[in-house]
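final-v3.cif (mmCIF, C-alpha atoms and all ligand atoms) appears below.
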data_entry
#
loop_
_atom_site.group_PDB
_atom_site.id
_atom_site.type_symbol
_atom_site.label_atom_id
_atom_site.label_comp_id
_atom_site.auth_asym_id
_atom_site.auth_seq_id
_atom_site.Cartn_x
_atom_site.Cartn_y
_atom_site.Cartn_z
ATOM 1 C CA MET A 20 2.199 -8.485 5.649
ATOM 2 C CA LEU A 21 1.027 -12.084 5.476
ATOM 3 C CA LYS A 22 3.483 -14.897 4.843
ATOM 4 C CA TRP A 23 3.086 -18.557 3.988
ATOM 5 C CA LEU A 24 3.267 -19.631 7.647
ATOM 6 C CA ASP A 25 0.391 -17.255 8.476
ATOM 7 C CA VAL A 26 -1.670 -18.821 5.691
ATOM 8 C CA LEU A 27 -0.926 -22.313 7.056
ATOM 9 C CA LYS A 28 -1.838 -21.207 10.575
ATOM 10 C CA PHE A 29 -5.177 -19.811 9.394
ATOM 11 C CA SER A 30 -6.003 -22.981 7.467
ATOM 12 C CA ASN A 31 -5.124 -25.080 10.550
ATOM 13 C CA ASN A 32 -6.419 -23.076 13.478
ATOM 14 C CA GLY A 33 -9.295 -21.076 12.041
ATOM 15 C CA ASN A 34 -9.516 -17.890 10.052
ATOM 16 C CA PRO A 35 -9.415 -14.276 11.241
ATOM 17 C CA GLU A 36 -12.725 -12.627 12.136
ATOM 18 C CA PRO A 37 -14.148 -10.754 9.129
ATOM 19 C CA ASP A 38 -15.428 -7.179 9.499
ATOM 20 C CA CYS A 39 -18.930 -8.388 8.645
ATOM 21 C CA ARG A 40 -20.677 -11.417 7.197
ATOM 22 C CA VAL A 41 -23.056 -11.761 4.239
ATOM 23 C CA SER A 42 -25.113 -14.883 3.673
ATOM 24 C CA LYS A 43 -27.721 -15.672 1.051
ATOM 25 C CA THR A 44 -29.493 -18.804 -0.129
ATOM 26 C CA ASP A 45 -28.351 -20.576 -3.247
ATOM 27 C CA GLU A 46 -31.407 -19.268 -5.080
ATOM 28 C CA GLN A 47 -30.572 -15.696 -4.098
ATOM 29 C CA TRP A 48 -26.972 -16.049 -5.288
ATOM 30 C CA LYS A 49 -28.186 -17.568 -8.559
ATOM 31 C CA SER A 50 -30.475 -14.609 -9.146
ATOM 32 C CA ILE A 51 -27.723 -11.978 -8.814
ATOM 33 C CA LEU A 52 -24.749 -13.772 -10.422
ATOM 34 C CA THR A 53 -23.947 -14.741 -13.982
ATOM 35 C CA PRO A 54 -23.973 -18.534 -14.481
ATOM 36 C CA GLU A 55 -20.156 -18.510 -14.796
ATOM 37 C CA ALA A 56 -19.689 -16.452 -11.592
ATOM 38 C CA TYR A 57 -22.140 -18.729 -9.792
ATOM 39 C CA ARG A 58 -20.336 -21.882 -10.946
ATOM 40 C CA ILE A 59 -16.958 -20.556 -9.814
ATOM 41 C CA THR A 60 -17.786 -18.796 -6.562
ATOM 42 C CA ARG A 61 -20.588 -20.959 -5.166
ATOM 43 C CA GLN A 62 -19.589 -24.333 -6.622
ATOM 44 C CA LYS A 63 -15.788 -24.050 -6.369
ATOM 45 C CA GLY A 64 -15.282 -23.942 -10.101
ATOM 46 C CA THR A 65 -12.195 -22.827 -12.009
ATOM 47 C CA GLU A 66 -12.246 -20.696 -15.122
ATOM 48 C CA LYS A 67 -10.104 -21.561 -18.135
ATOM 49 C CA ALA A 68 -6.608 -20.084 -18.053
ATOM 50 C CA HIS A 69 -6.210 -16.833 -20.017
ATOM 51 C CA SER A 70 -9.973 -16.438 -20.254
ATOM 52 C CA SER A 71 -10.008 -12.863 -18.954
ATOM 53 C CA ASP A 72 -8.225 -9.583 -19.773
ATOM 54 C CA MET A 73 -8.004 -9.040 -16.016
ATOM 55 C CA CYS A 74 -4.853 -11.227 -15.921
ATOM 56 C CA THR A 75 -2.686 -8.626 -17.593
ATOM 57 C CA LEU A 76 -4.507 -5.551 -16.259
ATOM 58 C CA LEU A 77 -2.248 -3.475 -14.013
ATOM 59 C CA ASP A 78 -4.202 -0.185 -13.858
ATOM 60 C CA PRO A 79 -4.682 1.292 -10.384
ATOM 61 C CA GLY A 80 -7.813 0.268 -8.565
ATOM 62 C CA ARG A 81 -9.212 -2.314 -6.237
ATOM 63 C CA TYR A 82 -10.661 -5.764 -6.812
ATOM 64 C CA ALA A 83 -13.826 -6.649 -4.938
ATOM 65 C CA CYS A 84 -15.689 -9.922 -4.401
ATOM 66 C CA VAL A 85 -18.200 -10.255 -7.250
ATOM 67 C CA ASN A 86 -20.739 -11.695 -4.804
ATOM 68 C CA CYS A 87 -20.706 -9.268 -1.862
ATOM 69 C CA GLU A 88 -18.550 -6.376 -3.221
ATOM 70 C CA THR A 89 -16.123 -6.468 -0.299
ATOM 71 C CA PRO A 90 -12.715 -5.159 -1.479
ATOM 72 C CA LEU A 91 -10.237 -8.045 -1.540
ATOM 73 C CA PHE A 92 -7.107 -6.928 -3.380
ATOM 74 C CA ASP A 93 -5.398 -3.711 -4.464
ATOM 75 C CA SER A 94 -3.755 -3.292 -7.860
ATOM 76 C CA GLU A 95 -0.570 -2.361 -5.943
ATOM 77 C CA GLU A 96 -0.256 -6.034 -5.004
ATOM 78 C CA LYS A 97 -1.089 -7.407 -8.448
ATOM 79 C CA PHE A 98 1.543 -8.934 -10.695
ATOM 80 C CA GLU A 99 1.718 -10.711 -14.027
ATOM 81 C CA SER A 100 2.395 -14.344 -13.161
ATOM 82 C CA GLY A 101 1.992 -15.752 -16.663
ATOM 83 C CA THR A 102 -0.329 -18.453 -15.298
ATOM 84 C CA GLY A 103 -3.451 -17.137 -17.007
ATOM 85 C CA TRP A 104 -5.193 -16.140 -13.774
ATOM 86 C CA PRO A 105 -5.080 -12.768 -11.987
ATOM 87 C CA SER A 106 -2.319 -12.952 -9.375
ATOM 88 C CA PHE A 107 -1.678 -10.946 -6.215
ATOM 89 C CA ASN A 108 0.920 -11.159 -3.466
ATOM 90 C CA GLN A 109 -1.194 -9.805 -0.592
ATOM 91 C CA PRO A 110 -4.866 -9.291 0.219
ATOM 92 C CA ILE A 111 -6.075 -5.747 0.946
ATOM 93 C CA LYS A 112 -6.494 -6.623 4.649
ATOM 94 C CA ASN A 113 -5.366 -9.625 6.655
ATOM 95 C CA ASN A 114 -8.978 -10.584 7.352
ATOM 96 C CA ALA A 115 -10.322 -10.111 3.808
ATOM 97 C CA ILE A 116 -9.640 -13.733 2.862
ATOM 98 C CA ALA A 117 -10.269 -17.039 4.625
ATOM 99 C CA TYR A 118 -8.125 -20.128 3.992
ATOM 100 C CA HIS A 119 -9.109 -23.784 3.821
ATOM 101 C CA LYS A 120 -7.144 -26.951 3.103
ATOM 102 C CA ASP A 121 -8.313 -28.396 -0.195
ATOM 103 C CA LYS A 122 -7.523 -31.985 -1.149
ATOM 104 C CA GLY A 123 -9.001 -32.014 -4.627
ATOM 105 C CA PHE A 124 -7.370 -33.614 -7.666
ATOM 106 C CA GLY A 125 -5.139 -35.752 -5.409
ATOM 107 C CA MET A 126 -3.069 -32.899 -3.985
ATOM 108 C CA TYR A 127 -3.165 -30.573 -1.029
ATOM 109 C CA ARG A 128 -3.682 -26.914 -1.826
ATOM 110 C CA ILE A 129 -4.854 -23.926 0.201
ATOM 111 C CA GLU A 130 -8.193 -22.651 -1.034
ATOM 112 C CA THR A 131 -8.980 -18.948 -0.692
ATOM 113 C CA VAL A 132 -12.525 -17.743 -0.075
ATOM 114 C CA CYS A 133 -14.058 -14.333 0.569
ATOM 115 C CA ASN A 134 -14.123 -14.019 4.367
ATOM 116 C CA THR A 135 -17.351 -12.003 4.186
ATOM 117 C CA CYS A 136 -19.567 -14.261 2.040
ATOM 118 C CA ASP A 137 -17.573 -17.512 1.610
ATOM 119 C CA ALA A 138 -17.322 -17.123 -2.167
ATOM 120 C CA HIS A 139 -14.682 -19.441 -3.613
ATOM 121 C CA LEU A 140 -11.938 -17.290 -5.137
ATOM 122 C CA GLY A 141 -9.040 -19.594 -6.027
ATOM 123 C CA HIS A 142 -5.902 -20.792 -4.227
ATOM 124 C CA VAL A 143 -2.754 -19.370 -2.679
ATOM 125 C CA PHE A 144 0.767 -20.727 -3.302
ATOM 126 C CA GLN A 145 4.202 -19.948 -1.911
ATOM 127 C CA ASP A 146 5.883 -19.248 -5.264
ATOM 128 C CA GLY A 147 5.042 -15.526 -5.497
ATOM 129 C CA PRO A 148 7.464 -12.616 -5.785
ATOM 130 C CA ARG A 149 9.211 -10.768 -2.986
ATOM 131 C CA PRO A 150 8.594 -9.591 -0.356
ATOM 132 C CA SER A 151 5.733 -11.866 0.786
ATOM 133 C CA GLY A 152 6.539 -14.805 -1.506
ATOM 134 C CA LEU A 153 2.805 -15.460 -1.869
ATOM 135 C CA ARG A 154 0.837 -15.909 -5.071
ATOM 136 C CA TYR A 155 -2.907 -15.557 -4.733
ATOM 137 C CA CYS A 156 -4.197 -17.224 -7.895
ATOM 138 C CA ILE A 157 -7.734 -15.887 -8.277
ATOM 139 C CA ASN A 158 -10.485 -16.510 -10.804
ATOM 140 C CA ALA A 159 -11.235 -13.280 -12.686
ATOM 141 C CA ALA A 160 -14.925 -14.204 -12.674
ATOM 142 C CA ALA A 161 -14.886 -14.078 -8.854
ATOM 143 C CA MET A 162 -13.921 -10.406 -8.813
ATOM 144 C CA LYS A 163 -15.005 -7.045 -10.082
ATOM 145 C CA LYS A 164 -12.670 -4.121 -10.565
ATOM 146 C CA LEU A 165 -13.453 -0.891 -8.727
ATOM 147 C CA ASP A 166 -11.914 2.125 -10.421
ATOM 148 C CA THR A 167 -10.605 4.960 -8.353
ATOM 149 C CA ASN A 168 -8.965 8.363 -8.591
ATOM 150 C CA LEU A 169 -6.925 7.554 -5.518
ATOM 151 C CA ARG A 170 -3.211 6.931 -5.967
ATOM 152 C CA LYS A 171 -0.370 6.257 -3.533
ATOM 153 C CA VAL A 172 3.037 7.829 -3.206
ATOM 154 C CA THR A 173 5.742 6.877 -0.717
ATOM 155 C CA LEU A 174 8.292 9.474 0.406
ATOM 156 C CA GLY A 175 11.036 9.751 3.010
ATOM 157 C CA GLY A 176 12.515 12.961 4.375
ATOM 158 C CA GLY A 177 13.819 12.336 7.874
ATOM 159 C CA CYS A 178 11.625 11.648 10.876
ATOM 160 C CA PHE A 179 8.154 10.577 9.720
ATOM 161 C CA TRP A 180 6.488 12.541 12.529
ATOM 162 C CA CYS A 181 7.480 15.696 10.586
ATOM 163 C CA THR A 182 6.667 14.640 7.039
ATOM 164 C CA GLU A 183 3.341 13.158 8.099
ATOM 165 C CA ALA A 184 2.343 16.394 9.889
ATOM 166 C CA ILE A 185 3.041 18.386 6.733
ATOM 167 C CA PHE A 186 1.252 16.257 4.137
ATOM 168 C CA GLN A 187 -1.842 15.884 6.323
ATOM 169 C CA GLN A 188 -2.499 19.593 5.733
ATOM 170 C CA LEU A 189 -2.708 19.385 1.942
ATOM 171 C CA LYS A 190 -5.810 19.569 -0.214
ATOM 172 C CA GLY A 191 -6.213 16.391 -2.268
ATOM 173 C CA VAL A 192 -4.501 14.185 0.325
ATOM 174 C CA ALA A 193 -6.927 11.547 1.582
ATOM 175 C CA ASP A 194 -4.680 9.752 4.050
ATOM 176 C CA VAL A 195 -1.096 9.693 5.368
ATOM 177 C CA LYS A 196 0.487 6.727 7.132
ATOM 178 C CA SER A 197 3.897 6.579 8.822
ATOM 179 C CA GLY A 198 6.060 3.550 8.215
ATOM 180 C CA TYR A 199 9.175 2.015 6.714
ATOM 181 C CA SER A 200 10.210 1.404 3.127
ATOM 182 C CA GLY A 201 13.256 0.665 1.000
ATOM 183 C CA GLY A 202 14.894 -1.996 3.178
ATOM 184 C CA LYS A 203 15.427 -5.728 3.080
ATOM 185 C CA VAL A 204 13.557 -6.875 6.189
ATOM 186 C CA MET A 205 9.842 -7.740 6.243
ATOM 187 C CA ASN A 206 7.575 -6.203 8.907
ATOM 188 C CA PRO A 207 10.395 -4.321 10.679
ATOM 189 C CA THR A 208 9.894 -2.692 14.070
ATOM 190 C CA TYR A 209 10.842 0.890 14.946
ATOM 191 C CA ARG A 210 13.709 -0.383 17.073
ATOM 192 C CA GLU A 211 15.088 -2.434 14.169
ATOM 193 C CA VAL A 212 14.804 0.473 11.747
ATOM 194 C CA THR A 213 16.529 2.925 14.110
ATOM 195 C CA SER A 214 19.486 0.518 14.298
ATOM 196 C CA GLY A 215 20.101 1.436 10.646
ATOM 197 C CA LEU A 216 20.674 -2.247 9.831
ATOM 198 C CA THR A 217 17.407 -3.038 8.018
ATOM 199 C CA GLY A 218 18.064 -0.620 5.152
ATOM 200 C CA HIS A 219 14.627 0.952 5.574
ATOM 201 C CA ALA A 220 13.978 4.677 5.517
ATOM 202 C CA GLU A 221 11.376 6.247 7.767
ATOM 203 C CA ALA A 222 8.720 7.004 5.177
ATOM 204 C CA ILE A 223 5.160 8.114 4.723
ATOM 205 C CA GLU A 224 2.602 6.616 2.400
ATOM 206 C CA ILE A 225 0.289 9.282 1.043
ATOM 207 C CA THR A 226 -3.048 8.383 -0.534
ATOM 208 C CA TYR A 227 -4.101 11.242 -2.790
ATOM 209 C CA ASN A 228 -6.797 12.096 -5.289
ATOM 210 C CA ARG A 229 -5.073 12.587 -8.621
ATOM 211 C CA ASP A 230 -7.877 14.899 -9.789
ATOM 212 C CA GLU A 231 -6.944 17.328 -7.006
ATOM 213 C CA ILE A 232 -3.168 17.080 -6.735
ATOM 214 C CA SER A 233 -0.516 15.515 -8.954
ATOM 215 C CA PHE A 234 2.410 13.225 -8.194
ATOM 216 C CA TYR A 235 4.721 15.966 -9.500
ATOM 217 C CA ASP A 236 3.284 18.560 -7.093
ATOM 218 C CA LEU A 237 3.543 16.192 -4.136
ATOM 219 C CA VAL A 238 7.181 15.417 -4.909
ATOM 220 C CA ASN A 239 7.896 19.109 -5.450
ATOM 221 C CA ILE A 240 6.367 20.020 -2.075
ATOM 222 C CA HIS A 241 8.293 17.168 -0.452
ATOM 223 C CA LEU A 242 11.609 18.490 -1.780
ATOM 224 C CA MET A 243 10.776 22.007 -0.565
ATOM 225 C CA THR A 244 9.699 20.983 2.952
ATOM 226 C CA HIS A 245 12.692 18.953 4.157
ATOM 227 C CA ASP A 246 16.408 19.362 3.485
ATOM 228 C CA PRO A 247 17.169 17.156 0.458
ATOM 229 C CA THR A 248 20.838 18.217 0.384
ATOM 230 C CA THR A 249 22.117 16.416 3.491
ATOM 231 C CA LEU A 250 23.185 12.812 2.897
ATOM 232 C CA ASN A 251 21.674 10.313 5.366
ATOM 233 C CA LYS A 252 20.840 13.111 7.753
ATOM 234 C CA GLN A 253 17.941 15.429 8.558
ATOM 235 C CA GLY A 254 18.656 18.135 11.099
ATOM 236 C CA ALA A 255 20.016 16.402 14.195
ATOM 237 C CA ASP A 256 18.784 12.968 13.049
ATOM 238 C CA LYS A 257 21.593 10.941 11.496
ATOM 239 C CA GLY A 258 21.553 7.551 9.759
ATOM 240 C CA THR A 259 20.366 5.969 6.500
ATOM 241 C CA GLN A 260 16.887 5.607 8.024
ATOM 242 C CA TYR A 261 16.623 9.421 7.775
ATOM 243 C CA ARG A 262 17.692 9.630 4.120
ATOM 244 C CA SER A 263 15.823 11.762 1.648
ATOM 245 C CA ILE A 264 14.073 9.404 -0.744
ATOM 246 C CA ILE A 265 11.332 9.208 -3.364
ATOM 247 C CA PHE A 266 9.869 5.802 -4.206
ATOM 248 C CA TYR A 267 8.561 5.596 -7.767
ATOM 249 C CA ARG A 268 6.112 2.971 -8.995
ATOM 250 C CA ASN A 269 6.715 3.292 -12.738
ATOM 251 C CA ASP A 270 8.971 5.026 -15.282
ATOM 252 C CA GLU A 271 6.650 8.030 -15.503
ATOM 253 C CA GLU A 272 6.978 8.667 -11.790
ATOM 254 C CA ARG A 273 10.746 8.244 -11.958
ATOM 255 C CA ASP A 274 10.955 10.804 -14.776
ATOM 256 C CA ALA A 275 8.644 13.213 -12.914
ATOM 257 C CA SER A 276 10.807 12.853 -9.792
ATOM 258 C CA MET A 277 13.940 13.720 -11.766
ATOM 259 C CA SER A 278 12.250 16.778 -13.312
ATOM 260 C CA ALA A 279 11.096 17.938 -9.881
ATOM 261 C CA ILE A 280 14.628 17.544 -8.501
ATOM 262 C CA ASN A 281 16.018 19.610 -11.394
ATOM 263 C CA GLU A 282 13.433 22.304 -10.845
ATOM 264 C CA VAL A 283 13.834 22.499 -7.075
ATOM 265 C CA GLN A 284 17.658 22.406 -7.250
ATOM 266 C CA GLU A 285 17.670 26.167 -7.952
ATOM 267 C CA ALA A 286 16.260 26.799 -4.472
ATOM 268 C CA TYR A 287 19.298 25.154 -2.807
ATOM 269 C CA ASP A 288 23.004 26.042 -2.826
ATOM 270 C CA GLU A 289 24.063 22.467 -2.155
ATOM 271 C CA MET A 290 23.380 19.522 -4.445
ATOM 272 C CA ILE A 291 20.131 17.600 -3.891
ATOM 273 C CA VAL A 292 21.042 14.051 -2.821
ATOM 274 C CA THR A 293 17.536 12.567 -2.742
ATOM 275 C CA ASP A 294 17.581 8.842 -3.474
ATOM 276 C CA LEU A 295 15.233 7.499 -6.167
ATOM 277 C CA GLN A 296 14.214 3.909 -5.656
ATOM 278 C CA MET A 297 11.653 1.583 -7.215
ATOM 279 C CA PHE A 298 8.844 1.053 -4.722
ATOM 280 C CA GLU A 299 8.713 -2.449 -3.315
ATOM 281 C CA ALA A 300 6.850 -2.468 -0.020
ATOM 282 C CA PHE A 301 5.614 -0.141 2.691
ATOM 283 C CA TYR A 302 5.274 -1.375 6.260
ATOM 284 C CA GLU A 303 3.059 0.647 8.553
ATOM 285 C CA ALA A 304 4.798 1.787 11.717
ATOM 286 C CA GLU A 305 3.519 0.995 15.193
ATOM 287 C CA GLU A 306 0.208 2.608 16.158
ATOM 288 C CA TYR A 307 1.784 5.218 18.475
ATOM 289 C CA HIS A 308 3.679 6.709 15.523
ATOM 290 C CA GLN A 309 0.512 7.372 13.503
ATOM 291 C CA GLY A 310 -0.654 10.977 13.734
ATOM 292 C CA TYR A 311 2.149 11.623 16.235
ATOM 293 C CA PHE A 312 2.152 15.402 15.916
ATOM 294 C CA ASN A 313 -1.633 15.640 16.336
ATOM 295 C CA GLN A 314 -1.537 13.288 19.327
ATOM 296 C CA ASN A 315 1.428 14.952 21.061
ATOM 297 C CA PRO A 316 1.447 18.660 20.138
ATOM 298 C CA THR A 317 3.062 19.730 23.425
ATOM 299 C CA ARG A 318 6.006 17.291 23.303
ATOM 300 C CA ALA A 319 9.380 19.029 23.008
ATOM 301 C CA TYR A 320 10.210 17.468 19.606
ATOM 302 C CA CYS A 321 6.893 18.685 18.196
ATOM 303 C CA LYS A 322 7.327 22.197 19.590
ATOM 304 C CA VAL A 323 10.984 22.605 18.667
ATOM 305 C CA VAL A 324 11.278 20.683 15.397
ATOM 306 C CA ILE A 325 7.856 20.176 13.812
ATOM 307 C CA ASP A 326 6.063 23.433 14.735
ATOM 308 C CA PRO A 327 8.513 25.759 12.932
ATOM 309 C CA LYS A 328 8.595 23.498 9.839
ATOM 310 C CA LEU A 329 4.816 23.407 9.726
ATOM 311 C CA LYS A 330 4.573 27.180 10.100
ATOM 312 C CA LYS A 331 6.971 27.753 7.206
ATOM 313 C CA PHE A 332 5.112 25.230 5.099
ATOM 314 C CA LYS A 333 1.719 26.832 5.768
ATOM 315 C CA GLU A 334 3.006 30.277 4.821
ATOM 316 C CA LYS A 335 4.461 28.991 1.572
ATOM 317 C CA TYR A 336 1.544 26.842 0.463
ATOM 318 C CA THR A 337 -1.491 28.822 1.728
ATOM 319 C CA ASP A 338 -3.553 28.098 -1.387
ATOM 320 C CA ARG A 339 -2.892 24.351 -1.201
ATOM 321 C CA LEU A 340 -4.046 23.813 2.376
ATOM 322 C CA LEU A 341 -7.205 22.120 3.552
ATOM 323 C CA LYS A 342 -9.945 24.606 4.444
ATOM 324 C CA ASP A 343 -9.713 24.270 8.238
ATOM 325 C CA ASN A 344 -6.149 25.666 8.317
HETATM 326 ZN ZN ZN B 401 -17.713 -11.914 -0.837
#

How does this structure look as structure tokens?
Ligand SMILES: [Zn+2]
Amino acid sequence: MLKWLDVLKFSNNGNPEPDCRVSKTDEQWKSILTPEAYRITRQKGTEKAHSSDMCTLLDPGRYACVNCETPLFDSEEKFESGTGWPSFNQPIKNNAIAYHKDKGFGMYRIETVCNTCDAHLGHVFQDGPRPSGLRYCINAAAMKKLDTNLRKVTLGGGCFWCTEAIFQQLKGVADVKSGYSGGKVMNPTYREVTSGLTGHAEAIEITYNRDEISFYDLVNIHLMTHDPTTLNKQGADKGTQYRSIIFYRNDEERDASMSAINEVQEAYDEMIVTDLQMFEAFYEAEEYHQGYFNQNPTRAYCKVVIDPKLKKFKEKYTDRLLKDN
């Protein structure tokens, strides 16, 4: 996650390398952009405050550069700032945006441009919400919204090697990442999280296609595939970092989580103690944790702990598995 000091470093020492570059002549840009988009993105213009409905739009989706269509921001990072311009607290990738010092109108500001095509987007300030504290103030005319059926859900149920291995098998799941969520520390390391002092739970972030599987079903499967009745403990793993937890992103998801808990409770003798928490941030774990089970199938932990869980899961959810199972 980028912070203000990272932004200052980029604007001082040079920007990160973009994935690719797009360049066109002024005439070419003029021919594909509306006059307003051209004025803003190619001539560093600013649109009038509150001139676009995009300011208050919080529907899921991504926001791409209107010039080169490179995705820049995700709706997950969008917030209503009240300024009259669309506002985000993180770019979609660290190298999506380039930063330049701008001394216009007698003040220093940090200008943001598309790192792929140099389109002027707006500015970034350090008065945004937690956890990054950044506010990317972006002209709506510099972006286009890409709609998507993909949604994200963040769940914790003990060691993320196990939960990741399970959800990777499901139809409708596009991607699973292992990481940390629900704590107070930004960009924590594995070592910090295992100390139990950061407040984070080991968690997975699942990207799923809502046309193929629902939030309710995912939460239901989650509750059935780990032990949600043991407080701050999963098997031999003990500590708050192993707590059973569902992160909801809105009231609907909170209500669906509570219904799923009520439904699944019948399957357990003990009370379900799964924590429900408003989603705030997910920090990807170190690279060696990603796809751990697939990378290390012969390790003792995988054989003894994950294999039997996976077997049980596959027997129970045969009709929900990806075809190659
Ligand atoms: Zn661009």

How would you report the residues lying within 10 Å of ligand ZN 401 (chain B), as a PDB file with C-alpha atoms, in the frame of the given file, if you count all atoms listed in the file?
ATOM      1  CA  ARG A  40     -20.677 -11.417   7.197  1.00  0.00           C
ATOM      2  CA  VAL A  41     -23.056 -11.761   4.239  1.00  0.00           C
ATOM      3  CA  SER A  42     -25.113 -14.883   3.673  1.00  0.00           C
ATOM      4  CA  THR A  60     -17.786 -18.796  -6.562  1.00  0.00           C
ATOM      5  CA  ALA A  83     -13.826  -6.649  -4.938  1.00  0.00           C
ATOM      6  CA  CYS A  84     -15.689  -9.922  -4.401  1.00  0.00           C
ATOM      7  CA  VAL A  85     -18.200 -10.255  -7.250  1.00  0.00           C
ATOM      8  CA  ASN A  86     -20.739 -11.695  -4.804  1.00  0.00           C
ATOM      9  CA  CYS A  87     -20.706  -9.268  -1.862  1.00  0.00           C
ATOM     10  CA  GLU A  88     -18.550  -6.376  -3.221  1.00  0.00           C
ATOM     11  CA  THR A  89     -16.123  -6.468  -0.299  1.00  0.00           C
ATOM     12  CA  PRO A  90     -12.715  -5.159  -1.479  1.00  0.00           C
ATOM     13  CA  LEU A  91     -10.237  -8.045  -1.540  1.00  0.00           C
ATOM     14  CA  ALA A 115     -10.322 -10.111   3.808  1.00  0.00           C
ATOM     15  CA  ILE A 116      -9.640 -13.733   2.862  1.00  0.00           C
ATOM     16  CA  VAL A 132     -12.525 -17.743  -0.075  1.00  0.00           C
ATOM     17  CA  CYS A 133     -14.058 -14.333   0.569  1.00  0.00           C
ATOM     18  CA  ASN A 134     -14.123 -14.019   4.367  1.00  0.00           C
ATOM     19  CA  THR A 135     -17.351 -12.003   4.186  1.00  0.00           C
ATOM     20  CA  CYS A 136     -19.567 -14.261   2.040  1.00  0.00           C
ATOM     21  CA  ASP A 137     -17.573 -17.512   1.610  1.00  0.00           C
ATOM     22  CA  ALA A 138     -17.322 -17.123  -2.167  1.00  0.00           C
ATOM     23  CA  HIS A 139     -14.682 -19.441  -3.613  1.00  0.00           C
ATOM     24  CA  LEU A 140     -11.938 -17.290  -5.137  1.00  0.00           C
ATOM     25  CA  ALA A 161     -14.886 -14.078  -8.854  1.00  0.00           C
ATOM     26  CA  MET A 162     -13.921 -10.406  -8.813  1.00  0.00           C
TER      27      MET A 162
END

>> What's around Met277 (chain A) at 10 Å? Count only C-alpha atoms, leave out sequence neighbours fewer than 2 positions away in its own chain, and write the answer as an MDAnalysis selection string.
In response: chainID A and resid 235 238 265 271:275 279:283 293 295

Can you write just those residues out, C-alpha atoms, as an mmCIF file, in the frame of the given file?
data_model
loop_
_atom_site.group_PDB
_atom_site.id
_atom_site.type_symbol
_atom_site.label_atom_id
_atom_site.label_comp_id
_atom_site.auth_asym_id
_atom_site.auth_seq_id
_atom_site.Cartn_x
_atom_site.Cartn_y
_atom_site.Cartn_z
ATOM 1 C CA TYR A 235 4.721 15.966 -9.500
ATOM 2 C CA VAL A 238 7.181 15.417 -4.909
ATOM 3 C CA ILE A 265 11.332 9.208 -3.364
ATOM 4 C CA GLU A 271 6.650 8.030 -15.503
ATOM 5 C CA GLU A 272 6.978 8.667 -11.790
ATOM 6 C CA ARG A 273 10.746 8.244 -11.958
ATOM 7 C CA ASP A 274 10.955 10.804 -14.776
ATOM 8 C CA ALA A 275 8.644 13.213 -12.914
ATOM 9 C CA ALA A 279 11.096 17.938 -9.881
ATOM 10 C CA ILE A 280 14.628 17.544 -8.501
ATOM 11 C CA ASN A 281 16.018 19.610 -11.394
ATOM 12 C CA GLU A 282 13.433 22.304 -10.845
ATOM 13 C CA VAL A 283 13.834 22.499 -7.075
ATOM 14 C CA THR A 293 17.536 12.567 -2.742
ATOM 15 C CA LEU A 295 15.233 7.499 -6.167
#

>> Quick check on the file I pasted: which residues fall under the PyMOL selection byres (((chain A and resi 247-249) around 7) and not hetatm)? Write them as JSON, numbers by chain.
In response: {"A": [242, 245, 246, 250, 251, 252, 253, 263, 289, 290, 291, 292, 293]}

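Residues matching the PyMOL selection byres (((chain A and resi 260) around 6) and not hetatm) in this structure come to Gly215, His219, Ala220, Glu221, Gly258, Thr259, Tyr261 and Arg262 of chain A.
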
> Mind pulling up the distance from CA of Glu96 (chain A) to CA of Asn31 (chain A)?
Replying inline: 25.1 Å

> Which residues come within 10 Å of Glu231 (chain A), counting only C-alpha atoms, excluding same-chain residues fewer than 2 positions away, as a PyMOL selection string?
Replying inline: chain A and resi 168-169+190-192+227-229+233+339

> What gap, in Å, lies between CA of Gly80 (chain A) and CA of Asp166 (chain A)?
Replying inline: 4.9 Å

> Looking at A:Lys322, A:Lys28, A:His69, A:His241, which one is nearest to Lys120 (chain A), with distances taken over all atoms listed in the file?
Replying inline: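 Counting all atoms listed in the file, the residue closest to Lys120 (chain A) is A:Lys28.
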
>> Please enumerate the residues selected by the PyMOL selection byres (((chain A and resi 118) around 7) and not hetatm) when evaluated against the supplied file, formatted as a list in words.
In response: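 That expression, the PyMOL selection byres (((chain A and resi 118) around 7) and not hetatm), corresponds here to Val26, Phe29, Ser30, Asn34, Ile116, Ala117, His119, Lys120, Ile129, Glu130, Thr131 and Val132 of chain A.
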
Would you save the residues of that selection, restricted to C-alpha atoms, as a short mmCIF file (atom, residue, chain, number, x, y, z; two decimals), in the coordinates of the input?
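And here's again.cif as it stands now:
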data_model
loop_
_atom_site.label_atom_id
_atom_site.label_comp_id
_atom_site.auth_asym_id
_atom_site.auth_seq_id
_atom_site.Cartn_x
_atom_site.Cartn_y
_atom_site.Cartn_z
CA VAL A 26 -1.67 -18.82 5.69
CA PHE A 29 -5.18 -19.81 9.39
CA SER A 30 -6.00 -22.98 7.47
CA ASN A 34 -9.52 -17.89 10.05
CA ILE A 116 -9.64 -13.73 2.86
CA ALA A 117 -10.27 -17.04 4.62
CA HIS A 119 -9.11 -23.78 3.82
CA LYS A 120 -7.14 -26.95 3.10
CA ILE A 129 -4.85 -23.93 0.20
CA GLU A 130 -8.19 -22.65 -1.03
CA THR A 131 -8.98 -18.95 -0.69
CA VAL A 132 -12.52 -17.74 -0.08
#

> Suppose you want the space between CA of Asp326 (chain A) and CA of Gly218 (chain A); what is it in Å?
Replying inline: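 Going from CA of Asp326 (chain A) over to CA of Gly218 (chain A) covers 28.5 Å.
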
> Between A:Ala304, A:Val204, A:Ile185, A:Leu216, which is the closest to Pro327 (chain A) once you count only C-alpha atoms?
Replying inline: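 Among A:Ala304, A:Val204, A:Ile185, A:Leu216, it is A:Ile185 that comes nearest to Pro327 (chain A).
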